[in-house]
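Below is start_0.cif, holding mmCIF, C-alpha atoms.
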data_final
loop_
_atom_site.label_atom_id
_atom_site.label_comp_id
_atom_site.auth_asym_id
_atom_site.auth_seq_id
_atom_site.Cartn_x
_atom_site.Cartn_y
_atom_site.Cartn_z
CA MET R 1 -93.48 -3.92 -26.98
CA THR R 2 -93.11 -6.39 -24.13
CA ARG R 3 -90.00 -7.89 -25.76
CA THR R 4 -88.46 -4.43 -26.04
CA ARG R 5 -89.01 -3.76 -22.34
CA LEU R 6 -87.57 -7.14 -21.39
CA PHE R 7 -84.55 -6.49 -23.59
CA ARG R 8 -83.97 -3.11 -21.92
CA LEU R 9 -84.35 -4.65 -18.46
CA TRP R 10 -81.84 -7.39 -19.23
CA LEU R 11 -79.47 -4.77 -20.68
CA VAL R 12 -79.63 -2.69 -17.47
CA LEU R 13 -79.21 -5.73 -15.22
CA GLY R 14 -76.30 -6.95 -17.32
CA SER R 15 -74.60 -3.55 -17.14
CA VAL R 16 -75.00 -3.41 -13.35
CA PHE R 17 -73.59 -6.93 -13.04
CA MET R 18 -70.56 -6.03 -15.18
CA ILE R 19 -69.89 -2.89 -13.12
CA LEU R 20 -70.03 -4.88 -9.88
CA LEU R 21 -67.74 -7.51 -11.40
CA ILE R 22 -65.21 -4.84 -12.40
CA ILE R 23 -65.29 -3.28 -8.91
CA VAL R 24 -64.77 -6.65 -7.22
CA TYR R 25 -61.96 -7.52 -9.62
CA TRP R 26 -60.29 -4.15 -9.11
CA ASP R 27 -60.51 -4.44 -5.33
CA ASN R 28 -59.05 -7.94 -5.20
CA VAL R 29 -56.50 -7.85 -8.03
CA GLY R 30 -55.66 -4.18 -8.22
CA ALA R 31 -54.53 -2.00 -11.07
CA ALA R 32 -50.93 -3.04 -10.74
CA HIS R 33 -50.06 -1.88 -14.25
CA PHE R 34 -51.84 1.45 -14.06
CA TYR R 35 -50.47 4.56 -12.46
CA LEU R 36 -52.26 7.73 -11.47
CA HIS R 37 -50.45 10.69 -13.02
CA THR R 38 -51.85 13.95 -11.75
CA SER R 39 -50.86 16.82 -14.00
CA PHE R 40 -48.82 19.47 -12.29
CA SER R 41 -50.87 22.57 -12.89
CA ARG R 42 -49.65 26.06 -12.19
CA PRO R 43 -49.23 26.76 -8.45
CA HIS R 44 -52.56 27.12 -6.66
CA PRO R 45 -52.83 29.80 -4.00
CA LEU R 46 -53.67 28.26 -0.65
CA GLU R 47 -57.28 28.65 0.25
CA PRO R 48 -58.17 30.70 3.32
CA ARG R 49 -59.27 28.99 6.50
CA PRO R 50 -62.81 27.61 6.38
CA THR R 51 -65.57 30.19 6.63
CA ARG R 52 -69.35 30.00 6.59
CA ALA R 53 -69.29 30.36 2.82
CA ARG R 54 -67.61 26.96 2.57
CA GLY R 55 -70.19 25.18 4.71
CA ALA R 56 -72.25 24.06 1.74
CA GLU R 57 -69.16 22.71 -0.02
CA ARG R 58 -68.11 20.73 3.06
CA ALA R 59 -71.63 19.37 3.43
CA LEU R 60 -71.57 18.24 -0.21
CA VAL R 61 -68.18 16.57 0.23
CA SER R 62 -69.51 14.81 3.33
CA GLU R 63 -72.63 13.58 1.52
CA VAL R 64 -70.64 12.32 -1.46
CA GLY R 65 -68.20 10.67 0.94
CA GLU R 66 -71.00 8.86 2.75
CA LEU R 67 -72.33 7.63 -0.59
CA LEU R 68 -68.91 6.34 -1.62
CA GLU R 69 -68.51 4.63 1.74
CA LYS R 70 -71.71 2.68 1.17
CA LEU R 71 -70.94 1.88 -2.48
CA LEU R 72 -67.36 0.74 -1.90
CA GLY R 73 -67.77 -0.76 1.54
CA ALA R 74 -64.77 1.15 2.82
CA GLY R 75 -66.10 3.01 5.81
CA THR R 76 -64.40 6.27 6.56
CA LYS R 77 -65.67 6.13 10.11
CA PRO R 78 -63.95 3.74 12.52
CA VAL R 79 -65.11 0.24 11.63
CA ALA R 80 -64.29 -3.28 12.73
CA ALA R 81 -61.32 -4.75 10.93
CA VAL R 82 -62.02 -7.12 8.08
CA PRO R 83 -60.47 -10.47 8.94
CA GLY R 84 -59.63 -11.16 5.30
CA LYS R 85 -57.41 -8.08 5.12
CA ARG R 86 -55.17 -9.08 8.02
CA THR R 87 -51.70 -10.44 7.40
CA GLU R 88 -50.38 -13.44 9.24
CA ALA R 89 -46.84 -12.82 10.42
CA PRO R 90 -44.47 -15.23 8.61
CA PRO R 91 -41.89 -17.26 10.54
CA PRO R 92 -38.83 -15.25 11.58
CA PRO R 93 -36.36 -15.09 8.65
CA ALA R 94 -33.15 -17.04 8.79
CA SER R 95 -31.13 -14.06 7.53
CA GLY R 96 -29.30 -11.56 9.70
CA ARG R 97 -31.90 -8.80 9.30
CA SER R 98 -33.17 -9.23 12.82
CA ALA R 99 -29.64 -8.96 14.20
CA LEU R 100 -29.08 -5.82 12.12
CA GLY R 101 -32.26 -4.33 13.54
CA THR R 102 -31.01 -5.04 17.05
CA MET R 103 -27.68 -3.38 16.28
CA GLU R 104 -29.45 -0.34 14.82
CA GLU R 105 -31.53 0.04 17.97
CA SER R 106 -28.33 -0.25 19.99
CA VAL R 107 -26.71 2.52 17.97
CA ARG R 108 -29.79 4.66 18.40
CA GLY R 109 -29.43 4.22 22.14
CA TYR R 110 -32.67 2.53 23.16
CA ASP R 111 -33.41 2.63 26.86
CA TRP R 112 -36.28 0.28 27.63
CA SER R 113 -36.52 1.29 31.26
CA PRO R 114 -39.42 3.70 31.95
CA ARG R 115 -38.42 7.23 32.73
CA ASP R 116 -40.34 10.41 33.41
CA ALA R 117 -40.11 13.16 30.81
CA GLN R 118 -39.99 16.76 31.81
CA GLN R 119 -43.61 17.82 32.00
CA SER R 120 -44.91 20.91 30.26
CA PRO R 121 -47.45 22.90 32.28
CA ASP R 122 -49.63 23.35 29.20
CA PRO R 123 -49.33 20.54 26.59
CA ASP R 124 -52.56 21.63 24.86
CA GLY R 125 -51.21 25.14 24.48
CA ARG R 126 -47.97 23.76 23.08
CA GLN R 127 -49.90 21.78 20.48
CA ALA R 128 -51.95 24.83 19.52
CA GLN R 129 -48.73 26.81 19.11
CA ARG R 130 -47.10 24.19 16.87
CA ARG R 131 -50.15 23.84 14.66
CA GLY R 132 -50.60 27.59 14.54
CA VAL R 133 -47.03 28.09 13.32
CA LEU R 134 -47.59 25.54 10.57
CA ARG R 135 -50.84 27.09 9.39
CA ASP R 136 -49.52 30.65 9.45
CA LEU R 137 -46.37 29.79 7.51
CA CYS R 138 -48.28 27.76 4.94
CA ALA R 139 -50.60 30.74 4.40
CA ASN R 140 -47.69 33.21 4.26
CA ALA R 141 -46.95 34.00 0.61
CA SER R 142 -43.49 35.37 1.47
CA PHE R 143 -42.34 32.01 2.86
CA VAL R 144 -41.61 29.87 -0.17
CA PHE R 145 -40.18 26.39 -0.71
CA PRO R 146 -40.53 23.86 -3.56
CA ALA R 147 -44.02 22.37 -4.02
CA LYS R 148 -45.50 24.49 -1.22
CA GLU R 149 -48.24 25.99 -3.40
CA ARG R 150 -49.47 22.82 -5.07
CA SER R 151 -52.82 21.37 -4.07
CA PHE R 152 -53.41 17.93 -2.59
CA ASP R 153 -54.61 16.75 -6.01
CA ASP R 154 -51.24 17.73 -7.48
CA ILE R 155 -49.29 15.40 -5.17
CA PRO R 156 -48.28 12.29 -7.14
CA ASN R 157 -49.61 9.04 -5.77
CA TYR R 158 -46.16 7.66 -4.98
CA GLU R 159 -45.48 10.62 -2.67
CA LEU R 160 -48.37 9.56 -0.41
CA ASN R 161 -46.71 6.30 0.66
CA HIS R 162 -45.85 7.60 4.15
CA LEU R 163 -49.47 8.16 5.21
CA ILE R 164 -50.59 5.07 7.17
CA VAL R 165 -54.34 4.65 7.71
CA ASP R 166 -56.15 2.94 10.58
CA ASP R 167 -59.85 2.72 9.71
CA ARG R 168 -60.76 1.02 12.98
CA HIS R 169 -59.97 4.10 15.08
CA GLY R 170 -60.01 6.83 12.43
CA VAL R 171 -56.28 7.65 12.52
CA ILE R 172 -53.76 8.71 9.87
CA TYR R 173 -50.05 8.72 10.74
CA CYS R 174 -47.36 10.20 8.51
CA TYR R 175 -44.18 8.41 9.46
CA VAL R 176 -40.82 10.14 9.33
CA PRO R 177 -37.78 7.83 9.43
CA LYS R 178 -35.37 8.53 12.30
CA VAL R 179 -38.18 9.98 14.44
CA ALA R 180 -39.35 6.98 16.53
CA CYS R 181 -41.25 5.70 13.49
CA THR R 182 -40.52 2.04 14.28
CA ASN R 183 -42.51 2.22 17.50
CA TRP R 184 -45.27 4.39 16.05
CA LYS R 185 -45.66 1.86 13.24
CA ARG R 186 -45.92 -0.83 15.91
CA VAL R 187 -48.69 1.18 17.57
CA MET R 188 -50.53 1.49 14.24
CA ILE R 189 -50.29 -2.28 13.72
CA VAL R 190 -51.84 -2.92 17.14
CA LEU R 191 -54.61 -0.38 16.52
CA SER R 192 -55.48 -1.57 13.01
CA GLU R 193 -54.98 -5.27 13.82
CA SER R 194 -53.30 -5.56 10.43
CA LEU R 195 -50.85 -8.27 11.51
CA LEU R 196 -51.63 -11.57 13.20
CA ASP R 197 -49.48 -13.71 15.43
CA GLN R 198 -50.65 -17.33 15.41
CA GLY R 199 -54.13 -16.22 14.35
CA ALA R 200 -54.54 -13.41 16.89
CA PRO R 201 -53.79 -9.68 16.52
CA TYR R 202 -50.79 -8.29 18.36
CA ARG R 203 -51.72 -6.49 21.60
CA ASP R 204 -48.31 -5.28 22.78
CA PRO R 205 -46.34 -3.09 20.32
CA LEU R 206 -43.00 -4.45 21.58
CA ASP R 207 -44.03 -8.00 20.63
CA ILE R 208 -43.96 -7.10 16.93
CA PRO R 209 -40.61 -8.02 15.32
CA ARG R 210 -38.81 -5.13 13.68
CA GLU R 211 -38.58 -6.85 10.26
CA TYR R 212 -42.39 -6.99 10.06
CA VAL R 213 -42.84 -3.39 11.17
CA HIS R 214 -41.08 -1.97 8.10
CA ASN R 215 -42.66 -4.36 5.62
CA SER R 216 -44.84 -2.19 3.37
CA SER R 217 -47.44 -4.95 2.99
CA THR R 218 -48.22 -4.67 6.71
CA HIS R 219 -49.70 -1.17 6.44
CA LEU R 220 -52.55 0.43 4.48
CA THR R 221 -51.09 3.62 2.99
CA PHE R 222 -52.64 6.26 0.76
CA ASN R 223 -50.60 5.26 -2.29
CA LYS R 224 -52.38 1.85 -2.24
CA PHE R 225 -55.83 3.40 -2.61
CA TRP R 226 -55.56 3.62 -6.40
CA ARG R 227 -55.29 -0.15 -6.72
CA ARG R 228 -58.38 -0.66 -4.61
CA TYR R 229 -60.68 2.22 -5.55
CA GLY R 230 -59.45 3.46 -8.91
CA ARG R 231 -60.73 6.91 -9.82
CA PHE R 232 -62.55 7.21 -6.48
CA SER R 233 -59.29 6.95 -4.53
CA ARG R 234 -58.37 10.62 -4.33
CA HIS R 235 -61.82 11.61 -3.12
CA LEU R 236 -61.77 8.89 -0.45
CA MET R 237 -58.41 10.19 0.74
CA LYS R 238 -59.91 13.67 1.14
CA VAL R 239 -62.89 12.30 3.07
CA LYS R 240 -60.59 10.45 5.46
CA LEU R 241 -58.33 13.48 5.84
CA GLN R 242 -61.39 15.53 6.78
CA LYS R 243 -62.76 13.01 9.30
CA TYR R 244 -59.74 11.23 10.79
CA THR R 245 -57.18 12.38 13.36
CA LYS R 246 -53.89 13.08 11.56
CA PHE R 247 -50.51 13.18 13.29
CA LEU R 248 -46.77 13.17 12.66
CA PHE R 249 -43.58 13.37 14.72
CA VAL R 250 -40.54 15.47 13.81
CA ARG R 251 -37.07 16.26 15.18
CA ASP R 252 -34.25 18.76 14.66
CA PRO R 253 -33.35 18.36 10.93
CA PHE R 254 -29.56 18.34 11.38
CA VAL R 255 -29.75 15.88 14.28
CA ARG R 256 -31.96 13.66 12.14
CA LEU R 257 -29.28 13.67 9.42
CA ILE R 258 -26.61 12.65 11.93
CA SER R 259 -28.86 9.86 13.19
CA ALA R 260 -29.47 8.64 9.62
CA PHE R 261 -25.75 8.61 8.88
CA ARG R 262 -24.93 6.69 12.07
CA SER R 263 -27.52 3.95 11.58
CA LYS R 264 -27.05 3.47 7.83
CA PHE R 265 -23.32 3.96 7.28
CA GLU R 266 -21.64 3.15 10.60
CA LEU R 267 -23.20 -0.32 10.67
CA GLU R 268 -22.76 -3.16 8.19
CA ASN R 269 -25.82 -2.59 6.05
CA GLU R 270 -25.49 -4.41 2.73
CA GLU R 271 -28.36 -2.60 1.02
CA PHE R 272 -27.15 0.89 1.88
CA TYR R 273 -23.54 -0.03 1.12
CA ARG R 274 -24.34 -1.15 -2.43
CA LYS R 275 -26.89 1.53 -3.21
CA PHE R 276 -25.34 4.58 -1.54
CA ALA R 277 -21.95 3.99 0.08
CA MET R 278 -20.22 2.56 -3.01
CA PRO R 279 -21.22 5.50 -5.28
CA MET R 280 -20.22 7.99 -2.54
CA LEU R 281 -16.81 6.38 -2.07
CA ARG R 282 -16.17 6.39 -5.81
CA MET R 283 -17.41 9.94 -6.35
CA TYR R 284 -16.11 11.75 -3.28
CA SER R 285 -13.16 9.62 -2.06
CA ASN R 286 -11.74 8.59 -5.46
CA HIS R 287 -11.90 4.85 -4.75
CA THR R 288 -11.98 3.04 -8.08
CA SER R 289 -11.91 -0.55 -6.82
CA LEU R 290 -14.25 -1.38 -3.97
CA PRO R 291 -15.07 -4.69 -2.22
CA ALA R 292 -18.33 -6.31 -3.28
CA SER R 293 -19.66 -6.67 0.27
CA VAL R 294 -19.97 -4.26 3.17
CA ARG R 295 -18.18 -6.69 5.50
CA GLU R 296 -15.11 -6.73 3.26
CA ALA R 297 -15.23 -2.94 2.96
CA PHE R 298 -15.40 -2.43 6.72
CA SER R 299 -12.57 -4.93 7.25
CA ALA R 300 -10.45 -2.91 4.81
CA GLY R 301 -11.31 0.32 6.64
CA LEU R 302 -13.43 1.65 3.77
CA LYS R 303 -16.32 3.61 5.22
CA VAL R 304 -18.28 6.62 4.06
CA SER R 305 -17.31 9.70 6.06
CA PHE R 306 -19.82 12.25 7.30
CA SER R 307 -18.18 14.70 4.90
CA ASN R 308 -18.87 12.31 1.99
CA PHE R 309 -22.49 12.10 3.09
CA ILE R 310 -22.89 15.91 3.15
CA GLN R 311 -21.26 16.16 -0.30
CA TYR R 312 -23.76 13.62 -1.58
CA LEU R 313 -26.71 15.60 -0.18
CA LEU R 314 -25.44 18.87 -1.70
CA ASP R 315 -24.50 17.41 -5.09
CA PRO R 316 -27.08 18.69 -7.63
CA HIS R 317 -26.73 15.44 -9.59
CA THR R 318 -27.98 13.34 -6.66
CA GLU R 319 -31.68 14.09 -7.09
CA LYS R 320 -31.43 14.11 -10.86
CA LEU R 321 -30.87 10.37 -10.56
CA ALA R 322 -33.50 9.68 -7.86
CA PRO R 323 -35.29 11.49 -5.01
CA PHE R 324 -33.61 11.51 -1.62
CA ASN R 325 -33.95 8.30 0.34
CA GLU R 326 -36.69 8.54 2.96
CA HIS R 327 -34.15 8.54 5.81
CA TRP R 328 -32.79 11.95 4.78
CA ARG R 329 -35.65 13.34 2.69
CA GLN R 330 -37.10 16.55 4.11
CA VAL R 331 -40.17 16.12 6.32
CA HIS R 332 -42.25 18.56 4.27
CA ARG R 333 -41.67 16.32 1.24
CA LEU R 334 -42.71 13.19 3.14
CA CYS R 335 -45.80 14.54 4.93
CA HIS R 336 -46.98 17.60 2.94
CA PRO R 337 -47.91 19.81 5.93
CA CYS R 338 -49.17 22.65 3.72
CA GLN R 339 -51.61 20.34 1.93
CA ILE R 340 -52.67 18.29 5.00
CA ASP R 341 -53.95 20.01 8.15
CA TYR R 342 -52.42 17.87 10.91
CA ASP R 343 -54.30 17.60 14.20
CA PHE R 344 -51.21 16.74 16.23
CA VAL R 345 -47.54 17.61 15.75
CA GLY R 346 -45.26 15.65 18.04
CA LYS R 347 -41.52 16.10 18.53
CA LEU R 348 -38.85 13.60 19.44
CA GLU R 349 -37.48 16.09 21.93
CA THR R 350 -40.73 15.80 23.91
CA LEU R 351 -41.59 12.25 22.86
CA ASP R 352 -42.72 10.84 26.22
CA GLN R 353 -45.21 13.59 26.96
CA ASP R 354 -46.39 13.98 23.37
CA ALA R 355 -46.98 10.23 22.99
CA ALA R 356 -49.07 10.07 26.17
CA GLN R 357 -51.06 13.15 25.13
CA LEU R 358 -51.72 11.75 21.64
CA LEU R 359 -52.92 8.36 22.89
CA ARG R 360 -55.36 10.18 25.19
CA LEU R 361 -56.54 12.28 22.25
CA LEU R 362 -57.13 9.11 20.21
CA LYS R 363 -58.94 7.53 23.20
CA VAL R 364 -56.69 4.46 23.08
CA ASP R 365 -54.57 5.16 26.17
CA LYS R 366 -56.38 2.34 28.04
CA LEU R 367 -55.76 -0.03 25.14
CA LEU R 368 -51.98 0.31 24.86
CA HIS R 369 -48.97 2.32 25.93
CA PHE R 370 -46.28 3.80 23.73
CA PRO R 371 -43.07 1.78 24.16
CA PRO R 372 -40.67 3.38 26.66
CA SER R 373 -38.60 6.04 24.97
CA TYR R 374 -34.90 5.89 24.33
CA ARG R 375 -32.10 8.21 25.32
CA ASN R 376 -31.42 10.51 22.40
CA ARG R 377 -27.73 9.76 22.01
CA THR R 378 -27.70 11.68 18.74
CA ALA R 379 -28.31 14.89 20.65
CA SER R 380 -28.35 18.50 19.53
CA SER R 381 -25.25 19.14 21.64
CA TRP R 382 -23.34 16.82 19.29
CA GLU R 383 -23.92 18.97 16.20
CA GLU R 384 -20.78 21.08 16.58
CA GLY R 385 -18.60 17.99 16.85
CA TRP R 386 -20.11 16.32 13.82
CA PHE R 387 -19.93 19.47 11.69
CA ALA R 388 -16.47 20.57 12.87
CA LYS R 389 -14.75 19.28 9.71
CA ILE R 390 -17.54 20.38 7.34
CA PRO R 391 -16.64 23.61 5.48
CA LEU R 392 -18.73 26.64 6.41
CA ALA R 393 -20.02 27.04 2.85
CA TRP R 394 -21.32 23.46 2.90
CA ARG R 395 -23.06 23.98 6.24
CA ARG R 396 -24.85 27.05 4.88
CA GLN R 397 -25.90 25.17 1.75
CA LEU R 398 -27.15 22.30 3.87
CA TYR R 399 -29.20 24.65 6.01
CA LYS R 400 -30.85 26.11 2.89
CA LEU R 401 -31.67 22.56 1.79
CA TYR R 402 -33.47 21.82 5.08
CA GLU R 403 -34.54 25.36 5.99
CA ALA R 404 -38.24 24.71 5.38
CA ASP R 405 -38.22 21.91 7.99
CA PHE R 406 -36.43 24.12 10.53
CA VAL R 407 -38.93 26.94 10.08
CA LEU R 408 -42.18 24.97 9.67
CA PHE R 409 -41.63 22.90 12.81
CA GLY R 410 -40.23 25.65 15.01
CA TYR R 411 -36.58 24.62 15.27
CA PRO R 412 -34.14 27.50 15.81
CA LYS R 413 -31.63 28.30 13.12
CA PRO R 414 -28.26 26.76 14.19
CA GLU R 415 -26.39 30.05 14.15
CA ASN R 416 -23.35 28.53 15.87
CA LEU R 417 -22.83 26.31 12.81
CA LEU R 418 -23.53 28.96 10.18
CA ARG R 419 -21.38 31.91 11.24
CA ASP R 420 -17.65 32.45 10.77
#

Representation of the structure as structure tokens:
Amino acid sequence: MTRTRLFRLWLVLGSVFMILLIIVYWDNVGAAHFYLHTSFSRPHPLEPRPTRARGAERALVSEVGELLEKLLGAGTKPVAAVPGKRTEAPPPPASGRSALGTMEESVRGYDWSPRDAQQSPDPDGRQAQRRGVLRDLCANASFVFPAKERSFDDIPNYELNHLIVDDRHGVIYCYVPKVACTNWKRVMIVLSESLLDQGAPYRDPLDIPREYVHNSSTHLTFNKFWRRYGRFSRHLMKVKLQKYTKFLFVRDPFVRLISAFRSKFELENEEFYRKFAMPMLRMYSNHTSLPASVREAFSAGLKVSFSNFIQYLLDPHTEKLAPFNEHWRQVHRLCHPCQIDYDFVGKLETLDQDAAQLLRLLKVDKLLHFPPSYRNRTASSWEEGWFAKIPLAWRRQLYKLYEADFVLFGYPKPENLLRD
């Protein structure tokens, strides 16, 4: 009898040890060869806003979340950064990437001198209005766009790669390329202390080199949770979404497209030339023989036109090959505003004031300042000039493609571009 009990005890202890070993292995090595495929079920109707009847459910989620926090050691409340998870910044690369980054910022029109933004008399009211518009439209069954009705669980893991997490301050930022994301990523690096410079965390966002800012290994994003937490990952995401402050910044969709075109196709960018410009020039400009490098192409006067770019966006075959690149993918596809209830919606058009208001909301305004804003050279007033040679039918198709972003984020329909 005693031997039987001892055998059972050793069996239990051995099982516990193996489970702990698996968790440690999974956390350190990751499930690099496994991928979380969430089945796309039939569209789920959006749930109504929380009521008293959901109190018990929220309490249960909170209790389970607290348990998972303790078991996995991944606090969902702001915690001190783990030194072992920080990344030491490597020496500056010898390539021309840094120079390209400088040129891109020049094209974008950076103005590093401080300037006062026009102040709104009621910034809190403006935030309430923006968030209210989002919630009402997401709950409105008559306003429909692709993937609107799916639940958070239905979003594939790879589509959550734009949600950057800072566990130290309890912040989640969904970055949108071409909307001051370089500087907001710099702010997230300072807050999370995820990157070291000679053994110490960066304190000034502007000290962080651009090439490190856009390195995916620098940031903890939701799509990385599966490697670390396996089947617990989706629940941990929900706990953090419930507890953390979530924000994003947006801009006029057509102006964002113009900005993307200018920075990626008007500069010598080897990656974008090979991956996008060469196919566009072959498909829409009938060029059969193209130079191998972007420098040779530019020297020969071979550049993608804005018209080529619009044709590419409207071509139904484009997304059959691959999803839109993040620089021109719709914001609602990057940040999922009908599945994630954002606490703060900033706009590039009011960047100075929104940035100051957000840092106060996060209680980090004494810790750092958002880098001085830049003059928006790609301005709304330029739209008519850029679209002057684009056929009316194409403009209308393009608006339908980005209509959800216009409506969700309160941008007026560009009637001057869409009427005869």

Assuming the chain letters and numbering stay as they are in my file, what does the PyMOL selection byres ((chain R and resi 345-355) around 6) actually select? List them as a PyMOL selection string. chain R and resi 117+247-251+344+356-358

I need the residue set behind the PyMOL selection byres ((chain R and resi 295-310) around 8) for this file; please write it as a PyMOL selection string. chain R and resi 261+265-266+268+277+280-281+284-285+290-294+311-314+386+389-390+394+398

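Taking CA of Arg130 (chain R) and CA of Gly410 (chain R) as endpoints, the distance between them is 7.3 Å.
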
Can you work out which one of R:Tyr229, R:Tyr273, R:Tyr411, R:Phe370 has the shortest atom-to-atom distance to Thr182 (chain R), counting all atoms listed in the file? R:Phe370

Within 9 Å of Val187 (chain R), counting all atoms listed in the file, which residues show up once you throw out same-chain ones fewer than 4 positions away? Write them as a PDB file with C-alpha atoms, keeping the file's coordinate frame, please.
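Here's the written file selection_28.pdb:
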ATOM      1  CA  THR R 182     -40.520   2.040  14.280  1.00  0.00           C
ATOM      2  CA  ASN R 183     -42.510   2.220  17.500  1.00  0.00           C
ATOM      3  CA  LEU R 191     -54.610  -0.380  16.520  1.00  0.00           C
ATOM      4  CA  SER R 192     -55.480  -1.570  13.010  1.00  0.00           C
ATOM      5  CA  ASP R 204     -48.310  -5.280  22.780  1.00  0.00           C
ATOM      6  CA  PRO R 205     -46.340  -3.090  20.320  1.00  0.00           C
ATOM      7  CA  LEU R 206     -43.000  -4.450  21.580  1.00  0.00           C
ATOM      8  CA  LEU R 368     -51.980   0.310  24.860  1.00  0.00           C
ATOM      9  CA  HIS R 369     -48.970   2.320  25.930  1.00  0.00           C
ATOM     10  CA  PHE R 370     -46.280   3.800  23.730  1.00  0.00           C
ATOM     11  CA  PRO R 371     -43.070   1.780  24.160  1.00  0.00           C
TER      12      PRO R 371
END

What does the distance between CA of Asn157 (chain R) and CA of Ile340 (chain R) come to in Å, to one decimal place? 14.5 Å

Tell me which residues come within 12 Å of (-51.5, 14.0, -4.6), as a VMD selection string, counting only C-alpha atoms in the file's coordinates. chain R and resid 36 to 41 147 150 to 161 163 222 to 223 225 to 226 233 to 235 237 to 238 333 to 336 339 to 340

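Between CA of Lys400 (chain R) and CA of Thr318 (chain R) lies a distance of 16.2 Å.
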
Contacts of Pro412 (chain R) at 9 Å or less, counting all atoms listed in the file, minus same-chain residues fewer than 4 places along, as a PyMOL selection string? chain R and resi 252+406-407

Put those residues in a file: C-alpha atoms, as a tab-separated table (two decimals), in the coordinates of the input.
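Contents of result_23.tsv, freshly written:
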chain	number	residue	atom	x	y	z
R	252	ASP	CA	-34.25	18.76	14.66
R	406	PHE	CA	-36.43	24.12	10.53
R	407	VAL	CA	-38.93	26.94	10.08

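The nearest approach to Cys138 (chain R) among the residues R:Asn416, R:Tyr402, R:Pro121, R:Leu408, with all atoms listed in the file taken into account, belongs to R:Leu408.
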
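Using only C-alpha atoms, the smallest distance between any of R:Arg186, R:His332, R:Arg227, R:Lys275 and Asp207 (chain R) comes from R:Arg186.
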
Out of R:Arg396, R:Lys185, R:His219, R:Lys178, which residue has the shortest atom-to-atom distance to Val255 (chain R) when counting all atoms listed in the file? R:Lys178

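Here, the PyMOL selection byres ((chain R and resi 214) around 12) matches Arg97, Ser98, Gly101, His162, Ile164, Tyr175, Pro177, Cys181, Thr182, Asn183, Trp184, Lys185, Arg186, Met188, Ile189, Ile208, Pro209, Arg210, Glu211, Tyr212, Val213, Asn215, Ser216, Ser217, Thr218 and His219 of chain R.
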
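Candidate residues R:Ala388, R:Val179, R:Leu137, R:Val171 were compared for distance to Leu359 (chain R), and the nearest is R:Val171, using only C-alpha atoms.
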
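The shortest atom-to-atom distance to Asp136 (chain R), with all atoms listed in the file taken into account, belongs to R:Asp341 out of R:Glu415, R:Asp420, R:Gln397, R:Asp341.
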